[in-house]
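Visitor: Here's a structure for you.
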Amino acid sequence: MSSLPARSDIAPEYRWDRSLVFADDDAWESAFEALDARVESTEPVDDSVVSDGQTLRDALDLREELLRERGPLWLYPQLRLLVDTDDEAAESRRQRARDLRGRIDGLFSGLEPAIQQAGRERIEGLVAETPGLAPYEHFLDDVLRQADHTLSPAEESLLADLDETLDAPSRVLERIDSTAVEPRTVTVEGDEVTVTGQSFGRLLSHPGREVRKRVHHAYRGALAEHRVATAQAYAEHLRAADARAGVRNYDSAIDMATDDLPTEVHEALSEAVLEHYEPFERRLEYIRQDLDGDDLHNWDRAAPLVAGEGPEIPYEEGVEHVLAAVEPLGSDYRDRLAEILDQRRVDVYETQEKRGIVAAAFGSYEVGSFVHLNYADDLWSLLFFAHELGHVMHKEHFDAAQPTTYQSYPDHVAEIASFCHEALLVRHLLDTFADERDRLHLLDTFTRKLPMLAAARGMTFVRQLFADIEAGETLTADHIDARNLETMRRFYPDVSFEEADATLWMSQNLDREPCHAYWYLLGSAGGLATARRLLDGDLAPGAYRDFLRAGSSEYAMDLLGRLDLSVRDGGVVATGLREYGDYLDALTE
């Protein structure tokens, strides 16, 4: 591969259709102007919102309407920027949508303080006596629960005005990742291959150790050119999260991120990975056995355990595999997924100017979801495809079942459906592949891809940086490097790291919520356990789909309880790692 194709070289059926959101740019402008005018003419919520039940219901209904209308305004330019990171017109539209979002949030900055000031007895009385308020009961209970973390109306309005400023480091990090880092090339079997963010993981699983080493150094070198600027932006991103937590009276940014789950839960989960480390240690030992006594280096951690090329799986074949894999969830589930895939909601192949993330799903109220891929006709791509479709179907279920207020993924459970999809796909392919070598490649790829160890390490890394901020440390590039290398050596004690490996913190989706690694730890372990229970008949498909339908209408512990996932003691990680160990056993027997 000497260069990536232009977007115009890709057939339309492999490019998503933004007209499913708005017909064209003019339609976006019309919708924006209409909502902008409506926001301009709307009076902000004040203490009178709880004067009677109908006034409260009207405010909550209006909030839902504005949320539904603003979502597509952000999604439309976002879809363009994902496939053309240099589109300045799309960036301008996205910024205008963000500004409008902030103004809408400002209109309702007095809502939560007013509800909390009224008190639980008053609010429960309004719900009981007012038709149409019952659907908001969980939302109101959650607002009351967070009274200690809510500011006065004036302070909430000020914080809403500051959101764009506090989010600026995240936008800088996204820009560095999408446009500033210049990918390098390496020679692989006579071809010049571009090492992008999406190809890096795949290339690190090349059977040739020298290739892996060159890929590792090329990617690390490209990132390092922006090391100081990235460190500065990342430090500001963490400090912004810490500042928000302090203003809202949380003990730490991690407490704010975990919210309705106790802080000790994510600590128990990450520690459980180290307590049940044996499968990871075993996999690394299998790799070491192929190195003729040489040290295990960072570029070896994803080395394949199976010789030769894995199966080639064209996109259309991949679609059929995913549809067959989800049949245990019911024909309605499968058929709805098939309908979505027929609507040009997937942008399939890597092209010039397309953002180099492997895969992601994006959606909004009323217009549904879209999937960003960089598909390469292999198992690695197929697993990511199935993963993102898990998100799509999660959203599809709660969109259909819940009012706008609850149409979201609760952070703590957001990744369970996606990893459940992956595990269902793996079980289907193990039963489908006729060639034993293909089955071994599948097991090898899946056990390399599962992020439990990497996520636990990432969460520990971020937790330490937040502790450093609280201790008054300055997060320079050198400081962040040192913390990263420290946690890498803790979680991969058998790997010989170079000092330059410390910079690989830069590849960790830094623009996202700082504690997002925790979601992948809980999600991957929980997804494996859930898929096993579904396939063994211990969890009914209807009960699983009820979990999806719930959206954010219940607290995290209740949602996890629907799937019988134990989190307080790290039990879900132990269960997930037993599943991981079973896959590894099947691979190495």
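As shown in the structure tokens, the chain order sets the letters A, B, ...; within each chain, residues go from 1, and ligands are also counted from 1 in the order they appear.
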Run DSSP on the backbone of this structure and report the residues of stretch 32-218 of chain A it assigns to strand (DSSP E or B), as a PyMOL selection string.

Guide: chain A and resi 184-188+191-195

Visitor: Write out as a ChimeraX atom specification which residues come within 7 Å of A:Glu422 when counting only C-alpha atoms, dropping same-chain ones fewer than 4 positions away.

Guide: /A:383,386-387,418,426

Visitor: Write a file of the selected residues as a short mmCIF file (atom, residue, chain, number, x, y, z; two decimals), in the first residue's frame, keeping all heavy atoms.

Guide:
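After the write, selection_6.cif holds the following:
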```
data_model
loop_
_atom_site.label_atom_id
_atom_site.label_comp_id
_atom_site.auth_asym_id
_atom_site.auth_seq_id
_atom_site.Cartn_x
_atom_site.Cartn_y
_atom_site.Cartn_z
N LEU A 383 -14.01 -7.61 13.94
CA LEU A 383 -14.31 -7.52 15.37
C LEU A 383 -14.69 -6.09 15.77
O LEU A 383 -15.63 -5.87 16.53
CB LEU A 383 -13.13 -8.01 16.20
CG LEU A 383 -12.91 -9.52 16.21
CD1 LEU A 383 -11.55 -9.87 16.78
CD2 LEU A 383 -14.01 -10.23 17.01
N ALA A 386 -18.25 -5.41 14.47
CA ALA A 386 -19.26 -6.00 15.36
C ALA A 386 -19.39 -5.18 16.64
O ALA A 386 -20.50 -4.98 17.16
CB ALA A 386 -18.90 -7.44 15.68
N HIS A 387 -18.27 -4.71 17.16
CA HIS A 387 -18.25 -3.91 18.39
C HIS A 387 -19.12 -2.66 18.22
O HIS A 387 -20.00 -2.38 19.05
CB HIS A 387 -16.81 -3.53 18.69
CG HIS A 387 -16.63 -2.71 19.93
ND1 HIS A 387 -16.12 -3.21 21.10
CD2 HIS A 387 -16.89 -1.40 20.19
CE1 HIS A 387 -16.08 -2.27 22.02
NE2 HIS A 387 -16.55 -1.15 21.49
N SER A 418 -21.33 -3.75 23.26
CA SER A 418 -20.38 -3.83 22.14
C SER A 418 -19.47 -5.05 22.27
O SER A 418 -19.22 -5.77 21.30
CB SER A 418 -19.56 -2.55 22.05
OG SER A 418 -19.00 -2.21 23.30
N VAL A 426 -17.43 -14.14 17.76
CA VAL A 426 -16.37 -15.14 17.89
C VAL A 426 -16.96 -16.54 18.00
O VAL A 426 -16.51 -17.49 17.33
CB VAL A 426 -15.46 -14.82 19.09
CG1 VAL A 426 -14.52 -15.97 19.40
CG2 VAL A 426 -14.66 -13.55 18.82
#
```

Visitor: At a cut-off of 12 Å, using only C-alpha atoms, what residues contact A:Thr165? Leave out same-chain residues fewer than 4 positions from it and give the result as an MDAnalysis selection string.

Guide: chainID A and resid 98:99 102 158:161 169:172 236:237 240:241 244

Visitor: By how many Å are atom CA of A:Asp242 and atom CA of A:Ala517 apart?

Guide: 17.0 Å

Visitor: Show me, as a tab-separated table, the residues of stretch 224-327 of chain A having an atom within 12 Å of stretch 471-476 of chain A, each with the closest atom pair and its distance in Å, using only C-alpha atoms.

Guide:
```
residue	atom	partner	partner_atom	distance
A:Arg227	CA	A:Thr476	CA	10.0
A:Val228	CA	A:Thr476	CA	7.8
A:Ala229	CA	A:Thr476	CA	10.0
A:Thr230	CA	A:Thr476	CA	10.0
A:Ala231	CA	A:Thr476	CA	6.4
A:Gln232	CA	A:Thr476	CA	6.9
A:Ala233	CA	A:Leu475	CA	10.2
A:Tyr234	CA	A:Leu475	CA	8.8
A:Ala235	CA	A:Leu475	CA	5.8
A:Glu236	CA	A:Leu475	CA	8.9
A:His237	CA	A:Leu475	CA	11.0
A:Leu238	CA	A:Leu475	CA	9.5
A:Arg239	CA	A:Leu475	CA	9.5
A:Asp242	CA	A:Gly472	CA	12.0
A:Ser252	CA	A:Ala471	CA	11.9
```

Visitor: Set the distance at 8 Å and use only C-alpha atoms: which residues neighbour stretch 185-200 of chain A once local chain neighbours fewer than 5 positions away are removed? I'd like the list as number ranges by chain.

Guide: A: 1-3, 211, 214-216, 218-219, 356-358, 374, 507

Visitor: Generate a file of the selected residues that holds N, CA and C atoms, formatted as a PDB file, in the first residue's frame.

Guide:
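New file again.pdb:
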```
ATOM      1  N   MET A   1       0.854  -1.188   0.000  1.00  0.00           N
ATOM      2  CA  MET A   1       0.000   0.000   0.000  1.00  0.00           C
ATOM      3  C   MET A   1       0.884   1.231   0.000  1.00  0.00           C
ATOM      4  N   SER A   2       0.913   1.959  -1.103  1.00  0.00           N
ATOM      5  CA  SER A   2       1.771   3.124  -1.206  1.00  0.00           C
ATOM      6  C   SER A   2       1.024   4.398  -0.835  1.00  0.00           C
ATOM      7  N   SER A   3      -0.300   4.432  -1.009  1.00  0.00           N
ATOM      8  CA  SER A   3      -1.084   5.606  -0.656  1.00  0.00           C
ATOM      9  C   SER A   3      -2.530   5.193  -0.441  1.00  0.00           C
ATOM     10  N   VAL A 211       9.659  -6.163  11.320  1.00  0.00           N
ATOM     11  CA  VAL A 211       8.573  -5.294  10.844  1.00  0.00           C
ATOM     12  C   VAL A 211       7.883  -4.636  12.029  1.00  0.00           C
ATOM     13  N   ARG A 214      10.009  -1.840  13.386  1.00  0.00           N
ATOM     14  CA  ARG A 214      10.016  -0.640  12.543  1.00  0.00           C
ATOM     15  C   ARG A 214       8.685   0.112  12.663  1.00  0.00           C
ATOM     16  N   VAL A 215       7.595  -0.628  12.692  1.00  0.00           N
ATOM     17  CA  VAL A 215       6.281  -0.002  12.836  1.00  0.00           C
ATOM     18  C   VAL A 215       6.186   0.737  14.171  1.00  0.00           C
ATOM     19  N   HIS A 216       6.628   0.076  15.216  1.00  0.00           N
ATOM     20  CA  HIS A 216       6.590   0.667  16.555  1.00  0.00           C
ATOM     21  C   HIS A 216       7.388   1.962  16.592  1.00  0.00           C
ATOM     22  N   ALA A 218       8.298   3.860  14.059  1.00  0.00           N
ATOM     23  CA  ALA A 218       7.734   4.866  13.157  1.00  0.00           C
ATOM     24  C   ALA A 218       6.568   5.589  13.822  1.00  0.00           C
ATOM     25  N   TYR A 219       5.683   4.825  14.431  1.00  0.00           N
ATOM     26  CA  TYR A 219       4.505   5.428  15.065  1.00  0.00           C
ATOM     27  C   TYR A 219       4.921   6.263  16.267  1.00  0.00           C
ATOM     28  N   GLY A 356      -7.977   8.746  11.513  1.00  0.00           N
ATOM     29  CA  GLY A 356      -7.334   7.444  11.610  1.00  0.00           C
ATOM     30  C   GLY A 356      -7.742   6.604  12.797  1.00  0.00           C
ATOM     31  N   ILE A 357      -8.945   6.760  13.316  1.00  0.00           N
ATOM     32  CA  ILE A 357      -9.414   5.857  14.359  1.00  0.00           C
ATOM     33  C   ILE A 357      -9.910   4.572  13.708  1.00  0.00           C
ATOM     34  N   VAL A 358      -9.736   3.456  14.404  1.00  0.00           N
ATOM     35  CA  VAL A 358     -10.082   2.169  13.813  1.00  0.00           C
ATOM     36  C   VAL A 358     -11.576   2.085  13.550  1.00  0.00           C
ATOM     37  N   ASN A 374     -12.472   1.778   9.304  1.00  0.00           N
ATOM     38  CA  ASN A 374     -11.354   1.741   8.353  1.00  0.00           C
ATOM     39  C   ASN A 374     -11.115   0.260   8.073  1.00  0.00           C
ATOM     40  N   SER A 507      -0.986   7.799  22.430  1.00  0.00           N
ATOM     41  CA  SER A 507      -1.868   7.051  21.526  1.00  0.00           C
ATOM     42  C   SER A 507      -3.172   6.634  22.199  1.00  0.00           C
TER      43      SER A 507
END
```

Visitor: Enumerate as a CSV table (one decimal) with C-alpha atoms, in the first residue's frame all residues of stretch 185-222 of chain A assigned to alpha helix (DSSP H) by DSSP on the backbone, naming them with the chain letters and numbers the document uses.

Guide:
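Everything below was put into selection_24.csv:
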```csv
chain,number,residue,atom,x,y,z
A,197,GLY,CA,-3.5,5.4,14.1
A,198,GLN,CA,-5.9,2.8,12.7
A,199,SER,CA,-3.2,0.6,11.1
A,200,PHE,CA,-0.8,0.6,14.0
A,201,GLY,CA,-2.5,-2.1,16.0
A,202,ARG,CA,-2.9,-4.4,13.0
A,203,LEU,CA,0.7,-3.9,11.9
A,209,ARG,CA,9.6,-9.1,14.4
A,210,GLU,CA,11.7,-6.6,12.5
A,211,VAL,CA,8.6,-5.3,10.8
A,212,ARG,CA,6.9,-4.9,14.2
A,213,LYS,CA,9.9,-3.0,15.5
A,214,ARG,CA,10.0,-0.6,12.5
A,215,VAL,CA,6.3,0.0,12.8
A,216,HIS,CA,6.6,0.7,16.6
A,217,HIS,CA,9.4,3.1,16.1
A,218,ALA,CA,7.7,4.9,13.2
A,219,TYR,CA,4.5,5.4,15.1
A,220,ARG,CA,6.3,6.4,18.3
A,221,GLY,CA,8.5,8.8,16.3
A,222,ALA,CA,5.5,10.5,14.6
```

Visitor: Name the closest residue to A:Glu366 among the candidates A:Ala400, A:Ala268, A:Ile416, A:Ala31; distances are taken between atoms, counting only C-alpha atoms.

Guide: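 That would be A:Ala400, the residue with the smallest distance to A:Glu366.
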
Visitor: Hey, which of A:Ala423, A:Ala456, A:Ala272, A:Leu111 ends up closest to A:Arg532? Count only C-alpha atoms.

Guide: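 For A:Arg532, the nearest of the given residues is A:Ala423.
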
Visitor: Skip A:Asp399 itself and residues of its chain fewer than 4 positions away, then list as a PyMOL selection string all residues within 9 Å of it, counting only C-alpha atoms.

Guide: chain A and resi 365-366+368+394-395+403-404+406-408+549+551

Visitor: Between atom CA of A:Val392 and atom CA of A:Asp347, measure the distance and give it in Å to one decimal.

Guide: 13.9 Å

Visitor: Find the residue from A:Val367, A:Leu100, A:Ser270, A:Phe547 that sits nearest to A:Phe22; use only C-alpha atoms when measuring.

Guide: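 Of all the options, A:Val367 lies closest to A:Phe22.
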
Visitor: Looking at A:Ala147, A:Ala359, A:Val348, A:Met557, which one is nearest to A:Tyr250, with distances taken over only C-alpha atoms?

Guide: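 So, comparing all the options, the nearest one is A:Ala147.
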